[in-house]
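Asks: What follows is data.txt; its format and atoms are compact mmCIF, N, CA, C and O atoms.
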# COMPACT_ATOMS: atom_id res chain seq x y z
N MET A 1094 91.11 -50.52 255.35
CA MET A 1094 92.34 -49.89 254.88
C MET A 1094 92.29 -48.41 255.22
O MET A 1094 91.27 -47.77 255.08
N ILE A 1095 93.41 -47.90 255.63
CA ILE A 1095 93.52 -46.48 255.94
C ILE A 1095 94.01 -45.75 254.70
O ILE A 1095 95.00 -46.14 254.10
N ASP A 1096 93.32 -44.69 254.30
CA ASP A 1096 93.80 -43.88 253.19
C ASP A 1096 94.87 -42.93 253.69
O ASP A 1096 95.98 -42.93 253.19
N HIS A 1097 94.53 -42.11 254.67
CA HIS A 1097 95.53 -41.25 255.29
C HIS A 1097 95.01 -40.72 256.62
O HIS A 1097 93.80 -40.64 256.83
N ILE A 1098 95.94 -40.41 257.48
CA ILE A 1098 95.65 -39.82 258.78
C ILE A 1098 96.66 -38.71 258.98
O ILE A 1098 97.85 -38.88 258.69
N ILE A 1099 96.21 -37.58 259.47
CA ILE A 1099 97.13 -36.51 259.84
C ILE A 1099 97.02 -36.34 261.36
O ILE A 1099 95.95 -36.07 261.88
N LEU A 1100 98.15 -36.53 262.01
CA LEU A 1100 98.21 -36.43 263.46
C LEU A 1100 98.95 -35.16 263.83
O LEU A 1100 100.07 -34.93 263.36
N THR A 1101 98.34 -34.32 264.64
CA THR A 1101 98.96 -33.08 265.09
C THR A 1101 99.80 -33.37 266.32
O THR A 1101 99.31 -33.98 267.28
N VAL A 1102 101.07 -32.95 266.31
CA VAL A 1102 102.00 -33.22 267.40
C VAL A 1102 102.67 -31.92 267.83
O VAL A 1102 102.90 -31.03 267.03
N SER A 1103 103.00 -31.83 269.11
CA SER A 1103 103.62 -30.61 269.62
C SER A 1103 105.12 -30.56 269.34
O SER A 1103 105.70 -29.49 269.19
N ASP A 1104 105.77 -31.71 269.27
CA ASP A 1104 107.21 -31.79 269.02
C ASP A 1104 107.43 -32.66 267.78
O ASP A 1104 107.50 -33.88 267.87
N LEU A 1105 107.52 -32.01 266.63
CA LEU A 1105 107.59 -32.73 265.36
C LEU A 1105 108.84 -33.61 265.27
O LEU A 1105 108.75 -34.77 264.89
N LYS A 1106 109.99 -33.07 265.63
CA LYS A 1106 111.23 -33.83 265.53
C LYS A 1106 111.17 -35.10 266.39
O LYS A 1106 111.51 -36.19 265.94
N ARG A 1107 110.72 -34.95 267.63
CA ARG A 1107 110.62 -36.09 268.54
C ARG A 1107 109.60 -37.11 268.02
O ARG A 1107 109.82 -38.32 268.09
N SER A 1108 108.49 -36.64 267.51
CA SER A 1108 107.44 -37.54 267.01
C SER A 1108 107.90 -38.30 265.77
O SER A 1108 107.62 -39.50 265.64
N VAL A 1109 108.61 -37.63 264.86
CA VAL A 1109 109.13 -38.32 263.68
C VAL A 1109 110.10 -39.43 264.11
O VAL A 1109 110.04 -40.55 263.62
N ALA A 1110 110.97 -39.13 265.08
CA ALA A 1110 111.92 -40.13 265.58
C ALA A 1110 111.19 -41.32 266.21
O ALA A 1110 111.53 -42.48 265.97
N PHE A 1111 110.15 -41.03 267.01
CA PHE A 1111 109.38 -42.09 267.65
C PHE A 1111 108.71 -42.99 266.61
O PHE A 1111 108.85 -44.21 266.64
N TYR A 1112 107.96 -42.40 265.68
CA TYR A 1112 107.23 -43.21 264.70
C TYR A 1112 108.17 -43.93 263.74
O TYR A 1112 107.86 -45.04 263.29
N ALA A 1113 109.31 -43.36 263.43
CA ALA A 1113 110.28 -44.06 262.58
C ALA A 1113 110.70 -45.38 263.22
O ALA A 1113 110.83 -46.40 262.55
N LYS A 1114 110.91 -45.36 264.54
CA LYS A 1114 111.29 -46.59 265.25
C LYS A 1114 110.10 -47.52 265.46
O LYS A 1114 110.20 -48.72 265.24
N ALA A 1115 108.99 -46.97 265.91
CA ALA A 1115 107.83 -47.79 266.26
C ALA A 1115 107.20 -48.47 265.05
O ALA A 1115 106.73 -49.60 265.14
N LEU A 1116 107.19 -47.81 263.90
CA LEU A 1116 106.53 -48.35 262.71
C LEU A 1116 107.43 -49.24 261.85
O LEU A 1116 106.96 -49.90 260.93
N LYS A 1117 108.73 -49.25 262.14
CA LYS A 1117 109.67 -50.04 261.35
C LYS A 1117 109.27 -51.52 261.22
O LYS A 1117 109.32 -52.08 260.13
N PRO A 1118 108.82 -52.19 262.30
CA PRO A 1118 108.43 -53.60 262.15
C PRO A 1118 107.25 -53.82 261.20
O PRO A 1118 107.02 -54.93 260.73
N LEU A 1119 106.48 -52.76 260.93
CA LEU A 1119 105.35 -52.87 260.01
C LEU A 1119 105.74 -52.45 258.59
O LEU A 1119 104.88 -52.34 257.72
N SER A 1120 107.03 -52.20 258.37
CA SER A 1120 107.56 -51.74 257.08
C SER A 1120 106.95 -50.41 256.66
O SER A 1120 106.75 -50.13 255.48
N ILE A 1121 106.66 -49.56 257.65
CA ILE A 1121 106.17 -48.21 257.40
C ILE A 1121 107.31 -47.25 257.74
O ILE A 1121 107.85 -47.30 258.83
N THR A 1122 107.69 -46.43 256.77
CA THR A 1122 108.83 -45.53 256.94
C THR A 1122 108.46 -44.09 256.60
O THR A 1122 107.49 -43.83 255.89
N ASN A 1123 109.27 -43.15 257.11
CA ASN A 1123 109.13 -41.74 256.77
C ASN A 1123 109.89 -41.54 255.46
O ASN A 1123 111.10 -41.54 255.44
N PHE A 1124 109.18 -41.42 254.35
CA PHE A 1124 109.87 -41.34 253.07
C PHE A 1124 109.53 -40.10 252.26
O PHE A 1124 110.12 -39.89 251.20
N VAL A 1125 108.61 -39.28 252.74
CA VAL A 1125 108.28 -38.09 251.97
C VAL A 1125 107.91 -36.95 252.93
O VAL A 1125 107.27 -37.16 253.94
N ASP A 1126 108.39 -35.77 252.60
CA ASP A 1126 108.04 -34.58 253.36
C ASP A 1126 107.31 -33.64 252.42
O ASP A 1126 107.69 -33.47 251.27
N TYR A 1127 106.25 -33.03 252.94
CA TYR A 1127 105.47 -32.08 252.17
C TYR A 1127 105.76 -30.69 252.70
O TYR A 1127 105.55 -30.41 253.88
N GLU A 1128 106.30 -29.84 251.83
CA GLU A 1128 106.58 -28.47 252.24
C GLU A 1128 105.31 -27.66 252.11
O GLU A 1128 104.74 -27.53 251.02
N GLY A 1129 104.83 -27.17 253.24
CA GLY A 1129 103.57 -26.45 253.27
C GLY A 1129 103.62 -25.12 252.56
O GLY A 1129 104.65 -24.68 252.05
N HIS A 1130 102.48 -24.47 252.52
CA HIS A 1130 102.32 -23.14 251.93
C HIS A 1130 101.29 -22.41 252.77
O HIS A 1130 100.67 -23.01 253.65
N PRO A 1131 101.08 -21.12 252.57
CA PRO A 1131 100.10 -20.40 253.38
C PRO A 1131 98.75 -21.13 253.41
O PRO A 1131 98.20 -21.49 252.37
N GLY A 1132 98.28 -21.43 254.62
CA GLY A 1132 97.01 -22.13 254.77
C GLY A 1132 97.15 -23.64 254.86
O GLY A 1132 96.17 -24.34 255.11
N HIS A 1133 98.35 -24.16 254.63
CA HIS A 1133 98.56 -25.61 254.73
C HIS A 1133 99.93 -25.87 255.35
O HIS A 1133 100.94 -25.38 254.85
N PRO A 1134 99.99 -26.63 256.45
CA PRO A 1134 101.25 -26.82 257.18
C PRO A 1134 102.21 -27.78 256.50
O PRO A 1134 101.82 -28.55 255.62
N ASP A 1135 103.48 -27.72 256.94
CA ASP A 1135 104.45 -28.74 256.55
C ASP A 1135 103.98 -30.07 257.11
O ASP A 1135 103.39 -30.14 258.19
N LEU A 1136 104.24 -31.16 256.39
CA LEU A 1136 103.86 -32.50 256.81
C LEU A 1136 105.03 -33.46 256.65
O LEU A 1136 105.83 -33.31 255.72
N LYS A 1137 105.10 -34.45 257.52
CA LYS A 1137 106.06 -35.54 257.41
C LYS A 1137 105.24 -36.78 257.09
O LYS A 1137 104.37 -37.18 257.87
N GLY A 1138 105.49 -37.40 255.95
CA GLY A 1138 104.68 -38.52 255.50
C GLY A 1138 105.33 -39.87 255.69
O GLY A 1138 106.47 -40.09 255.30
N PHE A 1139 104.59 -40.79 256.30
CA PHE A 1139 105.01 -42.17 256.48
C PHE A 1139 104.14 -43.07 255.62
O PHE A 1139 102.96 -42.82 255.44
N GLY A 1140 104.73 -44.14 255.11
CA GLY A 1140 103.97 -45.09 254.31
C GLY A 1140 104.81 -46.27 253.92
O GLY A 1140 105.84 -46.58 254.52
N ASP A 1141 104.38 -46.92 252.84
CA ASP A 1141 105.00 -48.17 252.39
C ASP A 1141 106.07 -47.95 251.33
O ASP A 1141 106.55 -48.90 250.72
N GLY A 1142 106.46 -46.71 251.09
CA GLY A 1142 107.44 -46.40 250.06
C GLY A 1142 106.81 -46.05 248.73
O GLY A 1142 107.46 -45.50 247.85
N LYS A 1143 105.53 -46.38 248.57
CA LYS A 1143 104.80 -46.05 247.35
C LYS A 1143 103.78 -44.94 247.62
O LYS A 1143 103.54 -44.10 246.78
N LYS A 1144 103.17 -45.00 248.80
CA LYS A 1144 102.12 -44.05 249.16
C LYS A 1144 102.26 -43.69 250.63
O LYS A 1144 102.43 -44.55 251.48
N ALA A 1145 102.18 -42.40 250.93
CA ALA A 1145 102.17 -41.94 252.31
C ALA A 1145 100.71 -41.92 252.77
O ALA A 1145 99.84 -41.40 252.08
N PHE A 1146 100.45 -42.50 253.93
CA PHE A 1146 99.09 -42.54 254.46
C PHE A 1146 99.02 -42.11 255.92
O PHE A 1146 97.95 -41.93 256.46
N PHE A 1147 100.17 -41.91 256.55
CA PHE A 1147 100.23 -41.46 257.94
C PHE A 1147 101.11 -40.22 257.97
O PHE A 1147 102.29 -40.28 257.65
N TRP A 1148 100.51 -39.08 258.32
CA TRP A 1148 101.20 -37.80 258.26
C TRP A 1148 101.26 -37.16 259.63
O TRP A 1148 100.31 -37.28 260.42
N LEU A 1149 102.36 -36.47 259.90
CA LEU A 1149 102.51 -35.70 261.14
C LEU A 1149 102.63 -34.23 260.79
O LEU A 1149 103.27 -33.86 259.80
N LYS A 1150 101.98 -33.39 261.61
CA LYS A 1150 102.14 -31.95 261.46
C LYS A 1150 102.31 -31.34 262.85
O LYS A 1150 101.80 -31.86 263.84
N LYS A 1151 103.05 -30.24 262.91
CA LYS A 1151 103.30 -29.56 264.18
C LYS A 1151 102.10 -28.69 264.53
O LYS A 1151 101.54 -28.01 263.67
N GLY A 1152 101.71 -28.74 265.80
CA GLY A 1152 100.61 -27.92 266.27
C GLY A 1152 100.23 -28.31 267.68
O GLY A 1152 100.95 -29.04 268.37
N LYS A 1153 99.08 -27.85 268.12
CA LYS A 1153 98.58 -28.18 269.45
C LYS A 1153 97.68 -29.41 269.33
O LYS A 1153 96.57 -29.33 268.79
N PRO A 1154 98.16 -30.57 269.82
CA PRO A 1154 97.37 -31.79 269.67
C PRO A 1154 96.19 -31.86 270.64
O PRO A 1154 96.21 -31.25 271.71
N ASP A 1155 95.19 -32.61 270.25
CA ASP A 1155 94.07 -32.93 271.12
C ASP A 1155 94.02 -34.45 271.20
O ASP A 1155 93.38 -35.10 270.36
N PRO A 1156 94.70 -35.04 272.18
CA PRO A 1156 94.79 -36.50 272.27
C PRO A 1156 93.44 -37.21 272.36
O PRO A 1156 93.33 -38.36 271.96
N GLN A 1157 92.42 -36.56 272.87
CA GLN A 1157 91.12 -37.20 272.99
C GLN A 1157 90.43 -37.37 271.62
O GLN A 1157 89.47 -38.12 271.51
N ALA A 1158 90.91 -36.68 270.60
CA ALA A 1158 90.27 -36.72 269.29
C ALA A 1158 91.00 -37.65 268.32
O ALA A 1158 90.68 -37.67 267.15
N VAL A 1159 91.95 -38.44 268.81
CA VAL A 1159 92.76 -39.26 267.92
C VAL A 1159 92.58 -40.74 268.23
O VAL A 1159 92.63 -41.16 269.38
N HIS A 1160 92.37 -41.52 267.19
CA HIS A 1160 92.33 -42.97 267.30
C HIS A 1160 92.91 -43.52 266.00
O HIS A 1160 92.42 -43.21 264.93
N VAL A 1161 93.96 -44.31 266.11
CA VAL A 1161 94.62 -44.84 264.93
C VAL A 1161 94.75 -46.34 265.07
O VAL A 1161 95.19 -46.85 266.09
N GLY A 1162 94.38 -47.07 264.05
CA GLY A 1162 94.59 -48.52 263.99
C GLY A 1162 95.43 -48.85 262.78
O GLY A 1162 95.14 -48.40 261.67
N PHE A 1163 96.50 -49.62 262.99
CA PHE A 1163 97.36 -50.06 261.90
C PHE A 1163 97.10 -51.53 261.61
O PHE A 1163 96.85 -52.31 262.53
N VAL A 1164 97.17 -51.92 260.36
CA VAL A 1164 96.99 -53.31 259.97
C VAL A 1164 98.32 -54.04 260.07
O VAL A 1164 99.35 -53.51 259.66
N ALA A 1165 98.30 -55.24 260.63
CA ALA A 1165 99.49 -56.09 260.71
C ALA A 1165 99.19 -57.42 260.03
O ALA A 1165 98.04 -57.86 259.98
N LYS A 1166 100.24 -58.05 259.49
CA LYS A 1166 100.07 -59.32 258.78
C LYS A 1166 99.72 -60.48 259.70
O LYS A 1166 99.00 -61.38 259.32
N ASP A 1167 100.29 -60.46 260.92
CA ASP A 1167 100.08 -61.58 261.84
C ASP A 1167 100.39 -61.15 263.27
O ASP A 1167 100.78 -60.01 263.51
N HIS A 1168 100.20 -62.06 264.21
CA HIS A 1168 100.41 -61.75 265.63
C HIS A 1168 101.86 -61.39 265.93
O HIS A 1168 102.12 -60.52 266.76
N ALA A 1169 102.79 -62.03 265.24
CA ALA A 1169 104.21 -61.73 265.47
C ALA A 1169 104.52 -60.27 265.09
O ALA A 1169 105.27 -59.60 265.79
N GLU A 1170 103.93 -59.80 264.02
CA GLU A 1170 104.15 -58.41 263.60
C GLU A 1170 103.50 -57.44 264.60
O GLU A 1170 104.06 -56.39 264.90
N VAL A 1171 102.34 -57.80 265.12
CA VAL A 1171 101.69 -56.98 266.15
C VAL A 1171 102.61 -56.86 267.36
O VAL A 1171 102.86 -55.77 267.88
N ASP A 1172 103.14 -58.00 267.82
CA ASP A 1172 104.01 -57.99 269.00
C ASP A 1172 105.29 -57.21 268.75
O ASP A 1172 105.76 -56.47 269.63
N ALA A 1173 105.86 -57.32 267.55
CA ALA A 1173 107.08 -56.58 267.22
C ALA A 1173 106.81 -55.08 267.22
O ALA A 1173 107.61 -54.29 267.72
N PHE A 1174 105.66 -54.68 266.66
CA PHE A 1174 105.27 -53.26 266.66
C PHE A 1174 105.12 -52.75 268.09
O PHE A 1174 105.64 -51.70 268.45
N TYR A 1175 104.41 -53.50 268.91
CA TYR A 1175 104.16 -53.09 270.30
C TYR A 1175 105.48 -52.92 271.06
O TYR A 1175 105.70 -51.91 271.71
N LYS A 1176 106.35 -53.90 270.95
CA LYS A 1176 107.65 -53.83 271.65
C LYS A 1176 108.47 -52.65 271.14
O LYS A 1176 109.10 -51.94 271.92
N ALA A 1177 108.49 -52.41 269.84
CA ALA A 1177 109.26 -51.30 269.27
C ALA A 1177 108.69 -49.96 269.73
O ALA A 1177 109.43 -49.03 270.06
N ALA A 1178 107.36 -49.85 269.79
CA ALA A 1178 106.73 -48.60 270.21
C ALA A 1178 107.02 -48.30 271.68
O ALA A 1178 107.35 -47.17 272.03
N VAL A 1179 106.94 -49.31 272.53
CA VAL A 1179 107.24 -49.11 273.96
C VAL A 1179 108.71 -48.78 274.14
O VAL A 1179 109.07 -47.87 274.89
N LYS A 1180 109.58 -49.48 273.42
CA LYS A 1180 111.02 -49.22 273.52
C LYS A 1180 111.36 -47.81 273.03
O LYS A 1180 112.27 -47.16 273.55
N ALA A 1181 110.60 -47.31 272.06
CA ALA A 1181 110.83 -45.97 271.52
C ALA A 1181 110.29 -44.88 272.44
O ALA A 1181 110.46 -43.70 272.18
N GLY A 1182 109.62 -45.29 273.53
CA GLY A 1182 109.12 -44.31 274.50
C GLY A 1182 107.61 -44.20 274.59
O GLY A 1182 107.09 -43.38 275.32
N GLY A 1183 106.90 -45.04 273.83
CA GLY A 1183 105.45 -45.00 273.87
C GLY A 1183 104.89 -45.55 275.17
O GLY A 1183 105.55 -46.30 275.88
N LYS A 1184 103.68 -45.18 275.45
CA LYS A 1184 102.98 -45.67 276.64
C LYS A 1184 101.74 -46.41 276.17
O LYS A 1184 101.17 -46.10 275.13
N SER A 1185 101.32 -47.41 276.94
CA SER A 1185 100.20 -48.23 276.54
C SER A 1185 99.17 -48.33 277.65
O SER A 1185 99.52 -48.56 278.81
N LYS A 1186 97.90 -48.14 277.30
CA LYS A 1186 96.82 -48.33 278.28
C LYS A 1186 96.57 -49.81 278.50
O LYS A 1186 96.14 -50.22 279.56
N GLU A 1187 96.80 -50.60 277.46
CA GLU A 1187 96.55 -52.04 277.53
C GLU A 1187 97.42 -52.76 276.51
O GLU A 1187 97.96 -52.15 275.60
N LEU A 1188 97.54 -54.07 276.68
CA LEU A 1188 98.32 -54.86 275.73
C LEU A 1188 97.58 -54.98 274.40
O LEU A 1188 96.35 -54.88 274.36
N PRO A 1189 98.32 -55.22 273.30
CA PRO A 1189 97.64 -55.42 272.02
C PRO A 1189 96.73 -56.64 272.11
O PRO A 1189 97.05 -57.61 272.80
N GLN A 1190 95.61 -56.56 271.44
CA GLN A 1190 94.63 -57.64 271.51
C GLN A 1190 93.73 -57.64 270.30
O GLN A 1190 93.67 -56.66 269.56
N THR A 1191 93.03 -58.73 270.10
CA THR A 1191 92.05 -58.82 269.03
C THR A 1191 90.94 -57.82 269.31
O THR A 1191 90.52 -57.65 270.45
N ARG A 1192 90.49 -57.15 268.27
CA ARG A 1192 89.43 -56.16 268.40
C ARG A 1192 88.19 -56.64 267.64
O ARG A 1192 87.92 -56.18 266.53
N PRO A 1193 87.44 -57.59 268.20
CA PRO A 1193 86.29 -58.13 267.47
C PRO A 1193 85.22 -57.08 267.17
O PRO A 1193 84.41 -57.27 266.27
N GLU A 1194 85.22 -55.96 267.92
CA GLU A 1194 84.25 -54.92 267.62
C GLU A 1194 84.54 -54.25 266.28
O GLU A 1194 83.68 -53.62 265.69
N TYR A 1195 85.78 -54.41 265.77
CA TYR A 1195 86.15 -53.83 264.47
C TYR A 1195 86.25 -54.89 263.38
O TYR A 1195 85.98 -54.62 262.23
N TYR A 1196 86.71 -56.08 263.74
CA TYR A 1196 86.97 -57.12 262.75
C TYR A 1196 86.52 -58.46 263.28
O TYR A 1196 86.62 -58.73 264.47
N PRO A 1197 86.08 -59.36 262.40
CA PRO A 1197 85.69 -60.70 262.84
C PRO A 1197 86.88 -61.44 263.45
O PRO A 1197 88.02 -61.22 263.07
N VAL A 1198 86.60 -62.34 264.40
CA VAL A 1198 87.64 -63.15 265.02
C VAL A 1198 88.31 -64.00 263.94
O VAL A 1198 87.67 -64.48 263.02
N GLY A 1199 89.63 -64.15 264.05
CA GLY A 1199 90.37 -64.96 263.08
C GLY A 1199 91.22 -64.13 262.15
O GLY A 1199 92.16 -64.63 261.56
N ARG A 1200 90.90 -62.85 261.99
CA ARG A 1200 91.74 -61.97 261.18
C ARG A 1200 92.85 -61.44 262.05
O ARG A 1200 92.75 -61.42 263.27
N PRO A 1201 93.94 -60.96 261.45
CA PRO A 1201 95.05 -60.40 262.26
C PRO A 1201 94.56 -59.29 263.16
O PRO A 1201 93.61 -58.57 262.82
N ARG A 1202 95.20 -59.15 264.28
CA ARG A 1202 94.82 -58.13 265.26
C ARG A 1202 95.00 -56.72 264.69
O ARG A 1202 95.93 -56.45 263.96
N SER A 1203 94.10 -55.87 265.06
CA SER A 1203 94.21 -54.46 264.73
C SER A 1203 94.97 -53.79 265.86
O SER A 1203 94.75 -54.07 267.02
N LEU A 1204 95.90 -52.89 265.53
CA LEU A 1204 96.71 -52.21 266.52
C LEU A 1204 96.10 -50.86 266.85
O LEU A 1204 95.79 -50.09 265.97
N HIS A 1205 95.93 -50.59 268.13
CA HIS A 1205 95.37 -49.30 268.55
C HIS A 1205 96.23 -48.71 269.63
O HIS A 1205 96.75 -49.38 270.46
Represent the structure from my file as structure tokens, please.
Replies:
Amino acid sequence: MIDHIILTVSDLKRSVAFYAKALKPLSITNFVDYEGHPGHPDLKGFGDGKKAFFWLKKGKPDPQAVHVGFVAKDHAEVDAFYKAAVKAGGKSKELPQTRPEYYPVGRPRSLH
């Protein structure tokens, strides 16, 4: 289970729009915004409507330092997420697949 992730993005508005579309099939929505203060940036929070666990902040991203896996209920949800993310403008190095290095075979696929 993921508690929270903060992803630094260069274009906050564009990133919020992308993730709002891509995460919709997983029932993850942008439902809370955190107004920053000196020493802590503004954040856009995505989650299940009860808890935000995926946050975006504006800044200079380092793509090599980011790895995110989302939990899906089943293969159909994985495929819906993948299609929505690509349609929203995402790029993929590979198709979604079972990740036995993270989870035993037979559990729903982890999305990366």
Asks: Give the alpha helix (DSSP H) residues of chain A, as DSSP finds them on the backbone, and put them as a PyMOL selection string.
Replies: chain A and resi 1105-1115+1168-1180
Asks: Need the shell around region 1118-1120 of chain A: protein/DNA/RNA residues with any atom at most 7 Å away, counting only N, CA, C and O atoms. Skip same-chain ones fewer than 4 positions apart. Format as a list in words?
Replies: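 Residues meeting the cut-off are Ala1113, Lys1114, Gly1140, Asp1141, Gly1142, Val1164, Ala1165, Glu1170, Ala1173 and Phe1174 of chain A.
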Asks: I want to know what sits within 7 Å of Phe1111 (chain A), based on only C-alpha atoms, with residues of the same chain fewer than 4 positions away left out; could you give that as an NGL selection string?
Replies: :A and (1107 or 1115 or 1181)
Asks: So the first atom is CA of Tyr1127 (chain A) and the second is CA of Lys1106 (chain A); what is the distance between them in Å, to one decimal place?
Replies: 14.7 Å
Asks: Pick from A:Pro1134, A:Phe1139, A:Ile1098, A:Ala1145: nearest to Tyr1112 (chain A), with only N, CA, C and O atoms counted?
Replies: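 Among A:Pro1134, A:Phe1139, A:Ile1098, A:Ala1145, it is A:Phe1139 that comes nearest to Tyr1112 (chain A).
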Asks: In Å, rounded to a single decimal, give me how far atom O of Ala1169 (chain A) is from atom C of Ser1108 (chain A).
Replies: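 Between these atoms lies a distance of 21.5 Å.
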Asks: What is the atom N of Asp1135 (chain A)-atom N of Pro1154 (chain A) distance in Å, reported with one decimal?
Replies: 14.2 Å
Asks: When distances are computed from only C-alpha atoms, which of A:Lys1176, A:His1130, A:Lys1117, A:His1160 shows the smallest separation from Leu1188 (chain A)?
Replies: A:Lys1176
Asks: How big is the axis-aligned box, and where does its centre sit, when it encloses all atoms of region 1126-1134 of chain A listed in the file and has 5 Å added on every side, reported in Å to one decimal as AutoDock Vina command-line options?
Replies:
--center_x 102.3 --center_y -28.1 --center_z 254.1 --size_x 22.2 --size_y 25.4 --size_z 16.2
Asks: So, counting only N, CA, C and O atoms, which residue among A:Gly1132, A:Tyr1175, A:Lys1150, A:Phe1124 is closest to Ile1099 (chain A)?
Replies: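 Ranking A:Gly1132, A:Tyr1175, A:Lys1150, A:Phe1124 by distance to Ile1099 (chain A), first place goes to A:Lys1150.
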Asks: Considering only N, CA, C and O atoms, can you say which of A:Pro1156, A:Lys1151, A:Ala1178, A:His1133 comes closest to Leu1116 (chain A)?
Replies: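 Smallest separation from Leu1116 (chain A) among the options: A:Ala1178.
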Asks: If DSSP is run on the backbone, what residues of chain A are strand (DSSP E)? A reply as an MDAnalysis selection string would be ideal.
Replies: chainID A and resid 1098:1102 1122:1127 1136:1140 1145:1151 1163:1164 1203:1204
Asks: Could you please take those selected residues and save N, CA, C and O atoms as a compact mmCIF listing (two decimals), in the coordinates of the input?
Replies:
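File produced: out08.txt:
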# COMPACT_ATOMS: atom_id res chain seq x y z
N ILE A 1098 95.94 -40.41 257.48
CA ILE A 1098 95.65 -39.82 258.78
C ILE A 1098 96.66 -38.71 258.98
O ILE A 1098 97.85 -38.88 258.69
N ILE A 1099 96.21 -37.58 259.47
CA ILE A 1099 97.13 -36.51 259.84
C ILE A 1099 97.02 -36.34 261.36
O ILE A 1099 95.95 -36.07 261.88
N LEU A 1100 98.15 -36.53 262.01
CA LEU A 1100 98.21 -36.43 263.46
C LEU A 1100 98.95 -35.16 263.83
O LEU A 1100 100.07 -34.93 263.36
N THR A 1101 98.34 -34.32 264.64
CA THR A 1101 98.96 -33.08 265.09
C THR A 1101 99.80 -33.37 266.32
O THR A 1101 99.31 -33.98 267.28
N VAL A 1102 101.07 -32.95 266.31
CA VAL A 1102 102.00 -33.22 267.40
C VAL A 1102 102.67 -31.92 267.83
O VAL A 1102 102.90 -31.03 267.03
N THR A 1122 107.69 -46.43 256.77
CA THR A 1122 108.83 -45.53 256.94
C THR A 1122 108.46 -44.09 256.60
O THR A 1122 107.49 -43.83 255.89
N ASN A 1123 109.27 -43.15 257.11
CA ASN A 1123 109.13 -41.74 256.77
C ASN A 1123 109.89 -41.54 255.46
O ASN A 1123 111.10 -41.54 255.44
N PHE A 1124 109.18 -41.42 254.35
CA PHE A 1124 109.87 -41.34 253.07
C PHE A 1124 109.53 -40.10 252.26
O PHE A 1124 110.12 -39.89 251.20
N VAL A 1125 108.61 -39.28 252.74
CA VAL A 1125 108.28 -38.09 251.97
C VAL A 1125 107.91 -36.95 252.93
O VAL A 1125 107.27 -37.16 253.94
N ASP A 1126 108.39 -35.77 252.60
CA ASP A 1126 108.04 -34.58 253.36
C ASP A 1126 107.31 -33.64 252.42
O ASP A 1126 107.69 -33.47 251.27
N TYR A 1127 106.25 -33.03 252.94
CA TYR A 1127 105.47 -32.08 252.17
C TYR A 1127 105.76 -30.69 252.70
O TYR A 1127 105.55 -30.41 253.88
N LEU A 1136 104.24 -31.16 256.39
CA LEU A 1136 103.86 -32.50 256.81
C LEU A 1136 105.03 -33.46 256.65
O LEU A 1136 105.83 -33.31 255.72
N LYS A 1137 105.10 -34.45 257.52
CA LYS A 1137 106.06 -35.54 257.41
C LYS A 1137 105.24 -36.78 257.09
O LYS A 1137 104.37 -37.18 257.87
N GLY A 1138 105.49 -37.40 255.95
CA GLY A 1138 104.68 -38.52 255.50
C GLY A 1138 105.33 -39.87 255.69
O GLY A 1138 106.47 -40.09 255.30
N PHE A 1139 104.59 -40.79 256.30
CA PHE A 1139 105.01 -42.17 256.48
C PHE A 1139 104.14 -43.07 255.62
O PHE A 1139 102.96 -42.82 255.44
N GLY A 1140 104.73 -44.14 255.11
CA GLY A 1140 103.97 -45.09 254.31
C GLY A 1140 104.81 -46.27 253.92
O GLY A 1140 105.84 -46.58 254.52
N ALA A 1145 102.18 -42.40 250.93
CA ALA A 1145 102.17 -41.94 252.31
C ALA A 1145 100.71 -41.92 252.77
O ALA A 1145 99.84 -41.40 252.08
N PHE A 1146 100.45 -42.50 253.93
CA PHE A 1146 99.09 -42.54 254.46
C PHE A 1146 99.02 -42.11 255.92
O PHE A 1146 97.95 -41.93 256.46
N PHE A 1147 100.17 -41.91 256.55
CA PHE A 1147 100.23 -41.46 257.94
C PHE A 1147 101.11 -40.22 257.97
O PHE A 1147 102.29 -40.28 257.65
N TRP A 1148 100.51 -39.08 258.32
CA TRP A 1148 101.20 -37.80 258.26
C TRP A 1148 101.26 -37.16 259.63
O TRP A 1148 100.31 -37.28 260.42
N LEU A 1149 102.36 -36.47 259.90
CA LEU A 1149 102.51 -35.70 261.14
C LEU A 1149 102.63 -34.23 260.79
O LEU A 1149 103.27 -33.86 259.80
N LYS A 1150 101.98 -33.39 261.61
CA LYS A 1150 102.14 -31.95 261.46
C LYS A 1150 102.31 -31.34 262.85
O LYS A 1150 101.80 -31.86 263.84
N LYS A 1151 103.05 -30.24 262.91
CA LYS A 1151 103.30 -29.56 264.18
C LYS A 1151 102.10 -28.69 264.53
O LYS A 1151 101.54 -28.01 263.67
N PHE A 1163 96.50 -49.62 262.99
CA PHE A 1163 97.36 -50.06 261.90
C PHE A 1163 97.10 -51.53 261.61
O PHE A 1163 96.85 -52.31 262.53
N VAL A 1164 97.17 -51.92 260.36
CA VAL A 1164 96.99 -53.31 259.97
C VAL A 1164 98.32 -54.04 260.07
O VAL A 1164 99.35 -53.51 259.66
N SER A 1203 94.10 -55.87 265.06
CA SER A 1203 94.21 -54.46 264.73
C SER A 1203 94.97 -53.79 265.86
O SER A 1203 94.75 -54.07 267.02
N LEU A 1204 95.90 -52.89 265.53
CA LEU A 1204 96.71 -52.21 266.52
C LEU A 1204 96.10 -50.86 266.85
O LEU A 1204 95.79 -50.09 265.97
Asks: Using only N, CA, C and O atoms, which of the listed residues (A:Glu1187, A:Thr1122, A:His1097, A:Gly1162) sits closest to Lys1143 (chain A)?
Replies: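 When distances to Lys1143 (chain A) are compared using only N, CA, C and O atoms, the smallest one comes from A:Thr1122.
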